[in-house]
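Enquirer: Sharing coords_25.tsv here; it has TSV, C-alpha atoms.
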```tsv
chain	number	residue	atom	x	y	z
Y	33	MET	CA	0.00	0.00	0.00
Y	34	VAL	CA	2.73	2.43	1.00
Y	35	ALA	CA	4.80	1.78	-2.13
Y	36	THR	CA	1.85	2.34	-4.47
Y	37	VAL	CA	0.84	5.60	-2.80
Y	38	ALA	CA	4.47	6.77	-2.72
Y	39	THR	CA	4.77	6.24	-6.48
Y	40	LEU	CA	1.51	8.13	-7.00
Y	41	CYS	CA	2.77	10.99	-4.80
Y	42	LEU	CA	6.05	11.10	-6.74
Y	43	PHE	CA	4.03	11.57	-9.92
Y	44	GLY	CA	2.00	14.39	-8.34
Y	45	LEU	CA	5.15	16.10	-7.08
Y	46	PHE	CA	6.62	15.76	-10.57
Y	47	ILE	CA	3.63	17.66	-11.96
Y	48	ALA	CA	4.12	20.35	-9.30
Y	49	ALA	CA	7.81	20.62	-10.25
Y	50	VAL	CA	6.87	21.00	-13.92
Y	51	LEU	CA	4.45	23.81	-13.00
Y	52	CYS	CA	7.22	25.58	-11.02
Y	53	LEU	CA	9.61	25.18	-13.97
Y	54	THR	CA	6.96	26.67	-16.27
Y	55	ARG	CA	6.74	29.71	-14.01
Y	56	ILE	CA	10.55	29.96	-13.97
Y	57	ILE	CA	10.58	29.96	-17.78
Y	58	ILE	CA	7.65	32.31	-18.45
Y	59	GLY	CA	7.79	34.45	-15.28
Y	60	PRO	CA	7.86	38.04	-16.47
Y	61	ARG	CA	10.37	39.41	-13.95
Y	62	ALA	CA	13.15	38.15	-11.75
Y	63	ALA	CA	11.07	38.07	-8.56
Y	64	ASP	CA	8.57	35.63	-10.10
Y	65	ARG	CA	11.44	33.33	-10.97
Y	66	ALA	CA	12.85	33.64	-7.44
Y	67	VAL	CA	9.50	32.65	-5.89
Y	68	ALA	CA	9.13	29.75	-8.31
Y	69	PHE	CA	12.69	28.59	-7.60
Y	70	ASP	CA	12.05	28.64	-3.86
Y	71	THR	CA	8.93	26.54	-4.41
Y	72	LEU	CA	10.87	24.17	-6.67
Y	73	SER	CA	13.42	23.50	-3.92
Y	74	THR	CA	10.49	22.83	-1.56
Y	75	VAL	CA	9.00	20.34	-4.03
Y	76	ILE	CA	12.38	18.59	-4.29
Y	77	VAL	CA	12.49	18.32	-0.48
Y	78	GLY	CA	9.09	16.63	-0.62
Y	79	MET	CA	10.35	14.27	-3.35
Y	80	ILE	CA	13.30	13.25	-1.15
Y	81	CYS	CA	10.91	12.49	1.73
Y	82	VAL	CA	8.67	10.35	-0.48
Y	83	LEU	CA	11.71	8.54	-1.88
Y	84	CYS	CA	12.89	7.77	1.68
Y	85	VAL	CA	9.58	6.01	2.32
Y	86	LEU	CA	9.55	4.32	-1.10
Y	87	TRP	CA	13.08	2.92	-0.86
Y	88	ASN	CA	12.77	2.21	2.90
Y	89	SER	CA	16.08	4.01	3.40
Y	90	THR	CA	17.12	6.96	5.55
Y	91	LEU	CA	20.30	7.61	3.61
Y	92	TYR	CA	19.21	10.83	1.93
Y	93	PHE	CA	17.14	12.30	4.74
Y	94	ASP	CA	19.88	14.73	5.79
Y	95	ALA	CA	19.48	16.46	2.45
Y	96	VAL	CA	16.03	17.62	3.59
Y	97	TRP	CA	17.06	20.18	6.18
Y	98	ILE	CA	20.26	21.11	4.32
Y	99	LEU	CA	18.17	21.96	1.24
Y	100	THR	CA	15.78	23.93	3.44
Y	101	LEU	CA	18.55	26.14	4.81
Y	102	VAL	CA	20.30	26.55	1.45
Y	103	GLY	CA	17.01	27.51	-0.19
Y	104	PHE	CA	16.46	30.21	2.43
Y	105	ILE	CA	19.96	31.62	1.92
Y	106	GLY	CA	19.39	31.68	-1.84
Y	107	SER	CA	16.06	33.49	-1.54
Y	108	ALA	CA	17.49	36.04	0.92
Y	109	ALA	CA	20.45	36.70	-1.39
Y	110	ILE	CA	18.14	37.18	-4.40
Y	111	ALA	CA	15.95	39.57	-2.39
Y	112	LYS	CA	18.96	41.67	-1.33
Y	113	TYR	CA	20.21	41.70	-4.91
Y	114	LEU	CA	16.84	42.83	-6.26
Y	115	THR	CA	16.63	45.65	-3.71
Y	116	ARG	CA	20.15	47.07	-3.87
Y	117	GLY	CA	21.78	45.72	-6.99
Y	118	ARG	CA	24.39	43.94	-4.92
Y	119	ILE	CA	24.25	41.15	-2.36
Y	120	PHE	CA	26.45	42.43	0.50
L	91	MET	CA	5.30	-3.54	17.10
L	92	THR	CA	2.14	-5.45	16.66
L	93	ALA	CA	0.42	-5.84	13.33
L	94	VAL	CA	-2.29	-3.36	14.28
L	95	ALA	CA	0.28	-0.70	15.13
L	96	HIS	CA	2.01	-1.31	11.79
L	97	LEU	CA	-1.29	-0.85	10.00
L	98	VAL	CA	-2.05	2.38	11.86
L	99	VAL	CA	1.39	3.79	11.03
L	100	GLU	CA	1.02	2.83	7.36
L	101	VAL	CA	-2.40	4.44	7.07
L	102	ALA	CA	-1.10	7.61	8.74
L	103	VAL	CA	1.95	7.74	6.43
L	104	VAL	CA	-0.24	7.27	3.37
L	105	ALA	CA	-2.59	10.03	4.50
L	106	LEU	CA	0.32	12.40	5.21
L	107	MET	CA	1.91	11.76	1.81
L	108	LEU	CA	-1.36	12.22	-0.06
L	109	GLY	CA	-2.15	15.43	1.82
L	110	GLY	CA	1.32	16.86	1.27
L	111	THR	CA	1.21	16.05	-2.44
L	112	PHE	CA	-2.21	17.71	-2.71
L	113	PHE	CA	-0.90	20.92	-1.14
L	114	MET	CA	2.23	20.94	-3.32
L	115	LEU	CA	0.04	20.51	-6.42
L	116	VAL	CA	-2.14	23.41	-5.23
L	117	THR	CA	1.03	25.47	-4.83
L	118	GLY	CA	2.11	24.72	-8.40
L	119	ILE	CA	-1.32	25.53	-9.81
L	120	GLY	CA	-1.36	28.77	-7.81
L	121	LEU	CA	2.06	29.73	-9.16
L	122	ILE	CA	0.71	29.36	-12.70
L	123	ARG	CA	-2.78	30.80	-12.23
L	124	PHE	CA	-2.34	33.83	-9.96
L	125	PRO	CA	-2.01	37.18	-11.74
L	126	ASP	CA	0.81	39.05	-9.95
L	127	VAL	CA	3.90	38.33	-7.90
L	128	TYR	CA	2.33	39.01	-4.50
L	129	THR	CA	-0.49	36.50	-4.95
L	130	ARG	CA	2.02	33.96	-6.23
L	131	MET	CA	4.01	34.49	-3.03
L	132	HIS	CA	0.82	33.85	-1.10
L	133	ALA	CA	0.48	30.47	-2.81
L	134	ALA	CA	4.14	29.55	-2.37
L	135	GLY	CA	4.48	30.76	1.21
L	136	LYS	CA	1.41	29.19	2.78
L	137	ALA	CA	0.33	26.09	0.88
L	138	GLY	CA	3.93	25.18	0.08
L	139	THR	CA	5.02	25.33	3.72
L	140	LEU	CA	2.09	23.22	4.90
L	141	GLY	CA	2.57	20.70	2.10
L	142	VAL	CA	6.26	20.16	2.75
L	143	ALA	CA	5.63	19.91	6.50
L	144	LEU	CA	3.17	17.08	5.88
L	145	LEU	CA	5.62	15.41	3.48
L	146	ILE	CA	8.47	15.58	6.03
L	147	LEU	CA	6.19	14.16	8.72
L	148	ALA	CA	5.57	11.06	6.60
L	149	PRO	CA	9.12	9.54	6.81
L	150	ALA	CA	9.50	10.91	10.36
L	151	LEU	CA	6.53	8.77	11.37
L	152	TYR	CA	7.45	5.85	9.10
L	153	PHE	CA	10.92	5.40	10.65
L	154	LEU	CA	9.84	6.20	14.21
L	155	GLY	CA	10.04	2.56	15.28
L	156	SER	CA	13.23	1.57	13.46
L	157	ASP	CA	15.35	4.77	13.45
L	158	PRO	CA	14.17	7.51	15.85
L	159	ALA	CA	17.06	9.83	14.84
L	160	VAL	CA	15.27	10.36	11.54
L	161	SER	CA	12.21	11.57	13.39
L	162	VAL	CA	14.30	14.09	15.33
L	163	ARG	CA	15.89	15.37	12.12
L	164	GLY	CA	12.47	15.51	10.49
L	165	GLY	CA	11.11	17.62	13.33
L	166	LEU	CA	14.12	19.94	13.04
L	167	ALA	CA	13.55	20.19	9.28
L	168	ILE	CA	9.91	21.18	9.84
L	169	VAL	CA	10.97	23.84	12.36
L	170	PHE	CA	13.53	25.19	9.86
L	171	GLN	CA	10.92	25.20	7.11
L	172	PHE	CA	8.40	27.09	9.21
L	173	LEU	CA	11.08	29.60	10.23
L	174	THR	CA	12.70	30.19	6.85
L	175	THR	CA	9.95	30.07	4.22
L	176	PRO	CA	7.84	32.97	5.58
L	177	GLY	CA	11.05	34.95	6.16
L	178	ALA	CA	12.21	34.43	2.60
L	179	THR	CA	8.76	35.30	1.28
L	180	TYR	CA	8.71	38.49	3.34
L	181	LEU	CA	12.16	39.51	2.09
L	182	LEU	CA	11.16	38.89	-1.53
L	183	ALA	CA	7.88	40.78	-1.13
L	184	HIS	CA	9.71	43.76	0.36
L	185	ALA	CA	12.21	43.65	-2.51
L	186	CYS	CA	9.36	43.55	-5.03
L	187	TYR	CA	7.61	46.53	-3.43
L	188	ALA	CA	10.85	48.51	-3.27
L	189	THR	CA	11.63	47.92	-6.94
L	190	GLY	CA	8.19	48.87	-8.21
L	191	HIS	CA	6.47	45.60	-8.90
L	192	LEU	CA	2.88	46.68	-9.35
L	193	ALA	CA	0.12	44.66	-7.78
L	194	HIS	CA	-2.76	43.49	-9.89
L	195	GLU	CA	-5.13	46.30	-10.87
L	196	ARG	CA	-8.01	44.82	-8.87
L	197	THR	CA	-5.98	45.03	-5.63
L	198	GLU	CA	-8.01	47.13	-3.21
L	199	LEU	CA	-5.76	47.69	-0.20
L	200	ASP	CA	-2.18	49.02	-0.22
L	201	GLU	CA	-1.30	49.87	3.36
L	202	LEU	CA	2.36	50.49	2.59
L	203	LYS	CA	1.45	53.38	0.29
L	204	ASP	CA	0.78	55.66	3.29
L	205	VAL	CA	3.71	54.44	5.38
L	206	LEU	CA	6.30	54.53	2.60
L	207	PRO	CA	5.10	57.24	0.21
L	208	ASP	CA	8.33	57.53	-1.78
L	209	TYR	CA	8.40	53.94	-2.93
L	210	PRO	CA	9.49	52.78	-5.46
L	211	SER	CA	12.71	54.48	-4.40
L	212	SER	CA	15.29	52.30	-6.09
L	213	GLU	CA	16.17	53.11	-9.66
L	214	PHE	CA	17.49	49.58	-9.98
L	215	GLY	CA	14.53	47.76	-11.50
L	216	PRO	CA	15.56	44.33	-12.74
L	217	GLU	CA	13.67	42.78	-15.58
```
Take the structure in the file and give it back as structure tokens.

Expert:
Amino acid sequence: MVATVATLCLFGLFIAAVLCLTRIIIGPRAADRAVAFDTLSTVIVGMICVLCVLWNSTLYFDAVWILTLVGFIGSAAIAKYLTRGRIF
Amino acid sequence: MTAVAHLVVEVAVVALMLGGTFFMLVTGIGLIRFPDVYTRMHAAGKAGTLGVALLILAPALYFLGSDPAVSVRGGLAIVFQFLTTPGATYLLAHACYATGHLAHERTELDELKDVLPDYPSSEFGPE
């Protein structure tokens, strides 16, 4: 039961990732792309969680919180760059 | 664990994964459908955070019996997610307002217009 639902959820998350990539491609300005990229990293975190359940392995679970923190740093850097034209 | 406990955990994990996937799909649809950058942030910042929290809870519950360290890391990851995603969304929204991203024309309330009358102040408007 768990494996079937995990495969189904992977497919749904794949569709969500494709929607985020569409917004990254068509997004009219840089901020739209930044928001979509942040969401894409969140979707990838969800994919890693579902894969942990599907493979019955905890090997990649550390990537979850590392990706969370790195995604925040990326979004904060993009926001500073959009406001001032430089990061620091 | 007994067989009944296994079944309860499996049902809970399945429900968590399905719920998280639903909210992530809603986030993606919102990113495509909403008309301006602020409403897209609303979709990404709220539904996305809830969806990924549910998705992290699924392996945290699934490995609770065999590897409790994963559950601890999962809880930490949820705390990080709830701390960082609204912060990043706030920073991006402030950057958008400062660089003159216009809200959709049907937006009725702009409270920052009275507080910060000289915005957009930055001449650096990235395309």

Enquirer: Using only C-alpha atoms, find the residues of chain L whose closest atom to chain Y is at most 7 Å away, then write them as a CSV table (one decimal) with C-alpha atoms, in the frame of the given file.

Expert:
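The result, written out as selection09.csv:
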```
chain,number,residue,atom,x,y,z
L,100,GLU,CA,1.0,2.8,7.4
L,104,VAL,CA,-0.2,7.3,3.4
L,107,MET,CA,1.9,11.8,1.8
L,108,LEU,CA,-1.4,12.2,-0.1
L,111,THR,CA,1.2,16.0,-2.4
L,114,MET,CA,2.2,20.9,-3.3
L,115,LEU,CA,0.0,20.5,-6.4
L,118,GLY,CA,2.1,24.7,-8.4
L,119,ILE,CA,-1.3,25.5,-9.8
L,121,LEU,CA,2.1,29.7,-9.2
L,122,ILE,CA,0.7,29.4,-12.7
L,127,VAL,CA,3.9,38.3,-7.9
L,131,MET,CA,4.0,34.5,-3.0
L,134,ALA,CA,4.1,29.6,-2.4
L,138,GLY,CA,3.9,25.2,0.1
L,142,VAL,CA,6.3,20.2,2.8
L,145,LEU,CA,5.6,15.4,3.5
L,146,ILE,CA,8.5,15.6,6.0
L,149,PRO,CA,9.1,9.5,6.8
L,167,ALA,CA,13.6,20.2,9.3
L,170,PHE,CA,13.5,25.2,9.9
L,171,GLN,CA,10.9,25.2,7.1
L,174,THR,CA,12.7,30.2,6.8
L,175,THR,CA,10.0,30.1,4.2
L,178,ALA,CA,12.2,34.4,2.6
L,181,LEU,CA,12.2,39.5,2.1
L,182,LEU,CA,11.2,38.9,-1.5
L,185,ALA,CA,12.2,43.6,-2.5
L,186,CYS,CA,9.4,43.6,-5.0
L,188,ALA,CA,10.8,48.5,-3.3
L,189,THR,CA,11.6,47.9,-6.9
L,214,PHE,CA,17.5,49.6,-10.0
L,216,PRO,CA,15.6,44.3,-12.7
L,217,GLU,CA,13.7,42.8,-15.6
```

Enquirer: In Å, rounded to a single decimal, give me how far CA of Ala150 in chain L is from CA of Gly135 in chain L.

Expert: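 CA of Ala150 in chain L lies at a distance of 22.4 Å from CA of Gly135 in chain L.
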
Enquirer: Just want the 8 Å neighbourhood of Pro176 in chain L, counted on only C-alpha atoms, with same-chain residues fewer than 4 positions away dropped. Output as a list in words.

Expert: Gly135, Lys136, Phe172 and Tyr180 of chain L

Enquirer: To one decimal place in Å, what is the distance between CA of Thr197 in chain L and CA of Arg130 in chain L?

Expert: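 CA of Thr197 in chain L sits 13.7 Å away from CA of Arg130 in chain L.
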
Enquirer: Enter the distance from CA of Val162 in chain L to CA of Phe112 in chain L, in Å, rounded to one decimal.

Expert: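 Answer for the CA of Val162 in chain L to CA of Phe112 in chain L separation: 24.7 Å.
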